[in-house]
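Colleague: The structure that follows is given in the form of C-alpha cells.
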Amino acid sequence: MPTTDPIAGKSIKPVVEDHSPTITPVFPLLLLETMRDMDRPDEFMEDEDVAISLPRRLGLSEVVSVQIRRFQNEVRLKRLQGVSQVEDLIRLVIRRPDADEIFDEAGRRVARQAWDQRSGILRGLIKLMPRPVALFAAQRAARRIFARVVGRSRFSISRWPLELHIRQSLTAQADPGGAACAFYSGVFRQVLEQYTGRRYRIQHASCETRGDEQCLWTVQIAA
C-alpha cells in the first residue's frame, strides 16, 4: 500500500523490483553452442574409448543438447529470458578452466549474428564509409546489442575516449571470479572490427568483482 511522506504530504508508491524477462535468448543459446563446439574433438585416437571420453565433455552431454534445442525454440519465438536463467548458465560455464575463452567467443558470435542479420546492401555500404563514420555506426550497433544482453544492468558507451561502462553487471554478479565478463569484451571487439575493418584490443580496466564501482572496458587499436 502507498505510504505518505510526512514532510511533503504526498503519497509514495513502494518501489517494486522489475523481474520481467529482458535478455535475448540468443545469449544463452550461443553460449551453450560455443561450449559444445569447443568440446567437439578434432579427431579420435585409435585406442580411445569414445563411450567413456565423450560423456566427460560437458558441452557434448545430453543435458546441454536439450538446453540448446530449448533455446533454439526460444529464439524462433523471440521470447526474452529472465536474468536468473542466464545467471544459472554462466555459473555452469565458469566451472571450466577455459571459461574465459568460451565467454569471449560466445560474445563474438552474438555480435556476428547481429551483423549477419543486417542486409547485404547495408553491410556493403558500411564497408565504404569513412572510418570515423563507420566507428560511429559501430557504437550505435553496440548499444543495440548491449541493450539486449545486459539484463537489468545499466550501461553506456562513450565516444571519446571509446569506452564501455556497465554498472551492476550481470556477468560480474553471476561470476565472482570475473571470467564471464569476457563475454562483453568479445561482443564489443567483434562489433568494432566488423564495422571498421580494424583490429582492436579491449582491456577490462575495472571490474566489480575486483571491488571497483563499475565494469569498464577501454579500447585500443591493435598494431
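Following the order of the C-alpha cells, first chain is A, next is B, and so on, with residues numbered from 1 inside each chain and ligands from 1 in the order they appear.
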Compile the contact shell of Arg167 (chain A) as a PDB file with C-alpha atoms, in the first residue's frame: residues with an atom at most 10 Å away, counting only C-alpha atoms, same-chain residues fewer than 5 positions apart removed.
Modeller:
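Saved the output as selection22.pdb:
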ATOM      1  CA  VAL A 150      22.924  -6.786 -20.094  1.00  0.00           C
ATOM      2  CA  ARG A 152      18.747  -5.019 -15.782  1.00  0.00           C
ATOM      3  CA  SER A 153      22.275  -3.618 -15.681  1.00  0.00           C
ATOM      4  CA  ARG A 154      22.930  -0.011 -16.621  1.00  0.00           C
ATOM      5  CA  PHE A 155      25.402   0.571 -19.430  1.00  0.00           C
ATOM      6  CA  SER A 156      26.814   3.368 -21.551  1.00  0.00           C
ATOM      7  CA  ALA A 172      30.119  -9.883 -12.586  1.00  0.00           C
ATOM      8  CA  CYS A 207      35.630  -4.877 -12.699  1.00  0.00           C
ATOM      9  CA  GLU A 208      33.032  -5.042  -9.979  1.00  0.00           C
ATOM     10  CA  ASP A 212      35.512  -1.407  -8.459  1.00  0.00           C
ATOM     11  CA  GLU A 213      32.358   0.697  -8.680  1.00  0.00           C
ATOM     12  CA  GLN A 214      31.633  -0.461 -12.219  1.00  0.00           C
ATOM     13  CA  CYS A 215      32.893  -2.671 -15.005  1.00  0.00           C
ATOM     14  CA  LEU A 216      34.869  -0.652 -17.540  1.00  0.00           C
TER      15      LEU A 216
END
Colleague: From region 10-211 of chain A, collect each residue whose DSSP state is strand (DSSP E) and return the set as number ranges by chain.
Modeller: A: 11-12, 154-158, 163-167, 200-206
Colleague: Region 106-148 of chain A near region 90-101 of chain A within 12 Å: what's each residue's closest atom pair and its distance in Å to one decimal, counting only C-alpha atoms, ordered by chain then ascending residue number, as a tab-separated table?
Modeller:
residue	atom	partner	partner_atom	distance
A:Ala106	CA	A:Glu101	CA	8.5
A:Gly107	CA	A:Glu101	CA	10.0
A:Arg108	CA	A:Glu101	CA	10.7
Colleague: Can you spit out the residues from that selection as a PDB file, in the first residue's frame, using N, CA and C atoms?
Modeller:
ATOM      1  N   ALA A 106      31.717 -16.657 -27.325  1.00  0.00           N
ATOM      2  CA  ALA A 106      30.259 -16.526 -27.360  1.00  0.00           C
ATOM      3  C   ALA A 106      29.860 -15.077 -27.614  1.00  0.00           C
ATOM      4  N   GLY A 107      30.570 -14.131 -27.000  1.00  0.00           N
ATOM      5  CA  GLY A 107      30.296 -12.717 -27.250  1.00  0.00           C
ATOM      6  C   GLY A 107      30.525 -12.347 -28.696  1.00  0.00           C
ATOM      7  N   ARG A 108      31.612 -12.846 -29.266  1.00  0.00           N
ATOM      8  CA  ARG A 108      31.899 -12.567 -30.671  1.00  0.00           C
ATOM      9  C   ARG A 108      30.814 -13.167 -31.578  1.00  0.00           C
TER      10      ARG A 108
END
Colleague: When you count only C-alpha atoms, which of these residues is closest to Asp104 (chain A): A:Val83, A:Ala182, A:Val191, A:Ile68?
Modeller: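 So, comparing all the options, the nearest one is A:Ala182.
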Colleague: Have a look at A:Leu135, A:Val86, A:Ile166, A:Ala114 and name the one nearest to Ser206 (chain A); count only C-alpha atoms.
Modeller: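 Counting only C-alpha atoms, the residue closest to Ser206 (chain A) is A:Ile166.
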Colleague: Which residues, written as a VMD selection string, have at least one atom at most 10 Å from Leu164 (chain A), with only C-alpha atoms counted and residues fewer than 3 positions away on the same chain left out?
Modeller: chain A and resid 139 142 to 143 146 155 to 159 161 184 to 185 188 202 204 215 to 219
Colleague: Take the residues from that selection and put them in a file with C-alpha atoms, as a PDB file, in the first residue's frame.
Modeller:
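See result.pdb below for the written result:
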ATOM      1  CA  GLN A 139      28.914   2.397 -31.492  1.00  0.00           C
ATOM      2  CA  ALA A 142      26.963  -1.980 -29.989  1.00  0.00           C
ATOM      3  CA  ARG A 143      24.344  -0.077 -27.993  1.00  0.00           C
ATOM      4  CA  PHE A 146      24.158  -4.494 -25.250  1.00  0.00           C
ATOM      5  CA  PHE A 155      25.402   0.571 -19.430  1.00  0.00           C
ATOM      6  CA  SER A 156      26.814   3.368 -21.551  1.00  0.00           C
ATOM      7  CA  ILE A 157      29.281   3.683 -24.417  1.00  0.00           C
ATOM      8  CA  SER A 158      31.319   6.867 -24.538  1.00  0.00           C
ATOM      9  CA  ARG A 159      32.505   8.175 -27.889  1.00  0.00           C
ATOM     10  CA  PRO A 161      37.673   8.006 -25.275  1.00  0.00           C
ATOM     11  CA  TYR A 184      31.078  -8.368 -23.132  1.00  0.00           C
ATOM     12  CA  SER A 185      34.686  -7.924 -24.253  1.00  0.00           C
ATOM     13  CA  PHE A 188      32.482  -5.088 -28.118  1.00  0.00           C
ATOM     14  CA  ILE A 202      39.721  -4.458 -25.445  1.00  0.00           C
ATOM     15  CA  HIS A 204      38.742  -4.819 -18.932  1.00  0.00           C
ATOM     16  CA  CYS A 215      32.893  -2.671 -15.005  1.00  0.00           C
ATOM     17  CA  LEU A 216      34.869  -0.652 -17.540  1.00  0.00           C
ATOM     18  CA  TRP A 217      36.257  -1.699 -20.920  1.00  0.00           C
ATOM     19  CA  THR A 218      38.752   0.530 -22.757  1.00  0.00           C
ATOM     20  CA  VAL A 219      39.656   0.292 -26.444  1.00  0.00           C
TER      21      VAL A 219
END
Colleague: Extract, using only C-alpha atoms, all DNA, RNA and protein residues at most 6 Å from Tyr200 (chain A), discarding same-chain residues fewer than 2 positions from it, and format them as a list in words.
Modeller: Gln220, Ile221 and Ala222 of chain A
Colleague: Would you work out the distance separating CA of Lys78 (chain A) from CA of Tyr195 (chain A), expressed in Å to one decimal?
Modeller: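 Separating CA of Lys78 (chain A) from CA of Tyr195 (chain A) is a distance of 25.5 Å.
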Colleague: So what do you get for CA of Met129 (chain A) versus CA of Glu193 (chain A), distance-wise?
Modeller: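 If I compute the distance from CA of Met129 (chain A) to CA of Glu193 (chain A), I get 13.7 Å.
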Colleague: Using only C-alpha atoms, pick whichever of A:Thr171, A:Gln190, A:Thr34, A:Thr24 has the shortest atom-to-atom distance to Ile102 (chain A).
Modeller: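 The shortest atom-to-atom distance to Ile102 (chain A) comes from A:Thr34.
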Colleague: Identify all residues of region 91-209 of chain A in helix (DSSP H, G or I) (DSSP on the backbone) and supply them as a VMD selection string.
Modeller: chain A and resid 91 to 93 99 to 116 120 to 128 131 to 149 170 to 174 179 to 196 208 to 209
Colleague: For the residues selected in the previous step, produce a file with C-alpha atoms as a PDB file, in the first residue's frame.
Modeller:
ATOM      1  CA  ARG A  91      27.638 -20.444 -13.304  1.00  0.00           C
ATOM      2  CA  LEU A  92      27.679 -23.698 -15.262  1.00  0.00           C
ATOM      3  CA  VAL A  93      30.350 -22.450 -17.675  1.00  0.00           C
ATOM      4  CA  ALA A  99      35.627 -20.393 -19.256  1.00  0.00           C
ATOM      5  CA  ASP A 100      37.091 -17.032 -20.306  1.00  0.00           C
ATOM      6  CA  GLU A 101      37.752 -18.363 -23.811  1.00  0.00           C
ATOM      7  CA  ILE A 102      34.181 -19.666 -24.081  1.00  0.00           C
ATOM      8  CA  PHE A 103      32.669 -16.370 -22.937  1.00  0.00           C
ATOM      9  CA  ASP A 104      34.844 -14.320 -25.305  1.00  0.00           C
ATOM     10  CA  GLU A 105      33.952 -16.483 -28.305  1.00  0.00           C
ATOM     11  CA  ALA A 106      30.259 -16.526 -27.360  1.00  0.00           C
ATOM     12  CA  GLY A 107      30.296 -12.717 -27.250  1.00  0.00           C
ATOM     13  CA  ARG A 108      31.899 -12.567 -30.671  1.00  0.00           C
ATOM     14  CA  ARG A 109      29.252 -14.954 -32.020  1.00  0.00           C
ATOM     15  CA  VAL A 110      26.458 -12.767 -30.678  1.00  0.00           C
ATOM     16  CA  ALA A 111      27.975  -9.775 -32.488  1.00  0.00           C
ATOM     17  CA  ARG A 112      28.449 -11.777 -35.707  1.00  0.00           C
ATOM     18  CA  GLN A 113      24.858 -12.957 -35.571  1.00  0.00           C
ATOM     19  CA  ALA A 114      23.643  -9.362 -35.263  1.00  0.00           C
ATOM     20  CA  TRP A 115      25.893  -8.357 -38.192  1.00  0.00           C
ATOM     21  CA  ASP A 116      24.595 -11.203 -40.361  1.00  0.00           C
ATOM     22  CA  GLY A 120      23.781  -7.219 -47.521  1.00  0.00           C
ATOM     23  CA  ILE A 121      23.358  -3.745 -49.009  1.00  0.00           C
ATOM     24  CA  LEU A 122      23.813  -2.089 -45.614  1.00  0.00           C
ATOM     25  CA  ARG A 123      26.880  -4.193 -44.805  1.00  0.00           C
ATOM     26  CA  GLY A 124      28.361  -3.181 -48.139  1.00  0.00           C
ATOM     27  CA  LEU A 125      27.673   0.498 -47.500  1.00  0.00           C
ATOM     28  CA  ILE A 126      29.297   0.296 -44.076  1.00  0.00           C
ATOM     29  CA  LYS A 127      32.487  -1.028 -45.634  1.00  0.00           C
ATOM     30  CA  LEU A 128      32.565   2.019 -47.938  1.00  0.00           C
ATOM     31  CA  ARG A 131      36.393   5.193 -40.830  1.00  0.00           C
ATOM     32  CA  PRO A 132      35.074   7.843 -38.374  1.00  0.00           C
ATOM     33  CA  VAL A 133      31.546   7.359 -39.746  1.00  0.00           C
ATOM     34  CA  ALA A 134      31.892   3.578 -39.598  1.00  0.00           C
ATOM     35  CA  LEU A 135      33.081   3.841 -35.993  1.00  0.00           C
ATOM     36  CA  PHE A 136      30.029   5.918 -35.118  1.00  0.00           C
ATOM     37  CA  ALA A 137      27.821   3.271 -36.744  1.00  0.00           C
ATOM     38  CA  ALA A 138      29.644   0.587 -34.744  1.00  0.00           C
ATOM     39  CA  GLN A 139      28.914   2.397 -31.492  1.00  0.00           C
ATOM     40  CA  ARG A 140      25.220   2.586 -32.341  1.00  0.00           C
ATOM     41  CA  ALA A 141      25.189  -1.118 -33.241  1.00  0.00           C
ATOM     42  CA  ALA A 142      26.963  -1.980 -29.989  1.00  0.00           C
ATOM     43  CA  ARG A 143      24.344  -0.077 -27.993  1.00  0.00           C
ATOM     44  CA  ARG A 144      21.573  -2.076 -29.657  1.00  0.00           C
ATOM     45  CA  ILE A 145      23.269  -5.361 -28.835  1.00  0.00           C
ATOM     46  CA  PHE A 146      24.158  -4.494 -25.250  1.00  0.00           C
ATOM     47  CA  ALA A 147      20.587  -3.370 -24.591  1.00  0.00           C
ATOM     48  CA  ARG A 148      19.600  -6.988 -25.318  1.00  0.00           C
ATOM     49  CA  VAL A 149      22.303  -8.777 -23.303  1.00  0.00           C
ATOM     50  CA  LEU A 170      25.108  -9.375 -14.962  1.00  0.00           C
ATOM     51  CA  THR A 171      28.331 -11.275 -15.640  1.00  0.00           C
ATOM     52  CA  ALA A 172      30.119  -9.883 -12.586  1.00  0.00           C
ATOM     53  CA  GLN A 173      27.208 -10.742 -10.313  1.00  0.00           C
ATOM     54  CA  ALA A 174      26.958 -14.292 -11.665  1.00  0.00           C
ATOM     55  CA  ALA A 179      35.828 -14.697 -16.248  1.00  0.00           C
ATOM     56  CA  ALA A 180      32.270 -14.194 -17.531  1.00  0.00           C
ATOM     57  CA  CYS A 181      32.983 -10.514 -18.208  1.00  0.00           C
ATOM     58  CA  ALA A 182      34.946 -11.717 -21.244  1.00  0.00           C
ATOM     59  CA  PHE A 183      31.554 -12.137 -22.917  1.00  0.00           C
ATOM     60  CA  TYR A 184      31.078  -8.368 -23.132  1.00  0.00           C
ATOM     61  CA  SER A 185      34.686  -7.924 -24.253  1.00  0.00           C
ATOM     62  CA  GLY A 186      34.041 -10.304 -27.125  1.00  0.00           C
ATOM     63  CA  VAL A 187      30.860  -8.522 -28.173  1.00  0.00           C
ATOM     64  CA  PHE A 188      32.482  -5.088 -28.118  1.00  0.00           C
ATOM     65  CA  ARG A 189      35.626  -6.091 -30.018  1.00  0.00           C
ATOM     66  CA  GLN A 190      33.740  -8.002 -32.707  1.00  0.00           C
ATOM     67  CA  VAL A 191      31.314  -5.147 -33.383  1.00  0.00           C
ATOM     68  CA  LEU A 192      34.123  -2.615 -33.744  1.00  0.00           C
ATOM     69  CA  GLU A 193      36.130  -4.870 -36.049  1.00  0.00           C
ATOM     70  CA  GLN A 194      33.175  -5.729 -38.282  1.00  0.00           C
ATOM     71  CA  TYR A 195      32.178  -2.116 -38.822  1.00  0.00           C
ATOM     72  CA  THR A 196      35.612  -0.519 -39.194  1.00  0.00           C
ATOM     73  CA  GLU A 208      33.032  -5.042  -9.979  1.00  0.00           C
ATOM     74  CA  THR A 209      34.410  -8.455  -8.989  1.00  0.00           C
TER      75      THR A 209
END
Colleague: Counting only C-alpha atoms, which residue out of A:Asp88, A:Glu33, A:Asp175, A:Glu163 sits closest to Phe71 (chain A)?
Modeller: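 Closest to Phe71 (chain A) of all the choices is A:Glu33.
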Colleague: When you draw a straight line from CA of Arg76 (chain A) to CA of Val63 (chain A), how long is it in Å?
Modeller: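 According to the coordinates, CA of Arg76 (chain A) and CA of Val63 (chain A) are separated by 20.4 Å.
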Colleague: Under the rule that only C-alpha atoms are counted, which of A:Ala205, A:Leu162, A:Met35, A:Leu29 is the nearest residue to Arg70 (chain A)?
Modeller: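 Between A:Ala205, A:Leu162, A:Met35, A:Leu29, the residue approaching Arg70 (chain A) most closely is A:Leu29.
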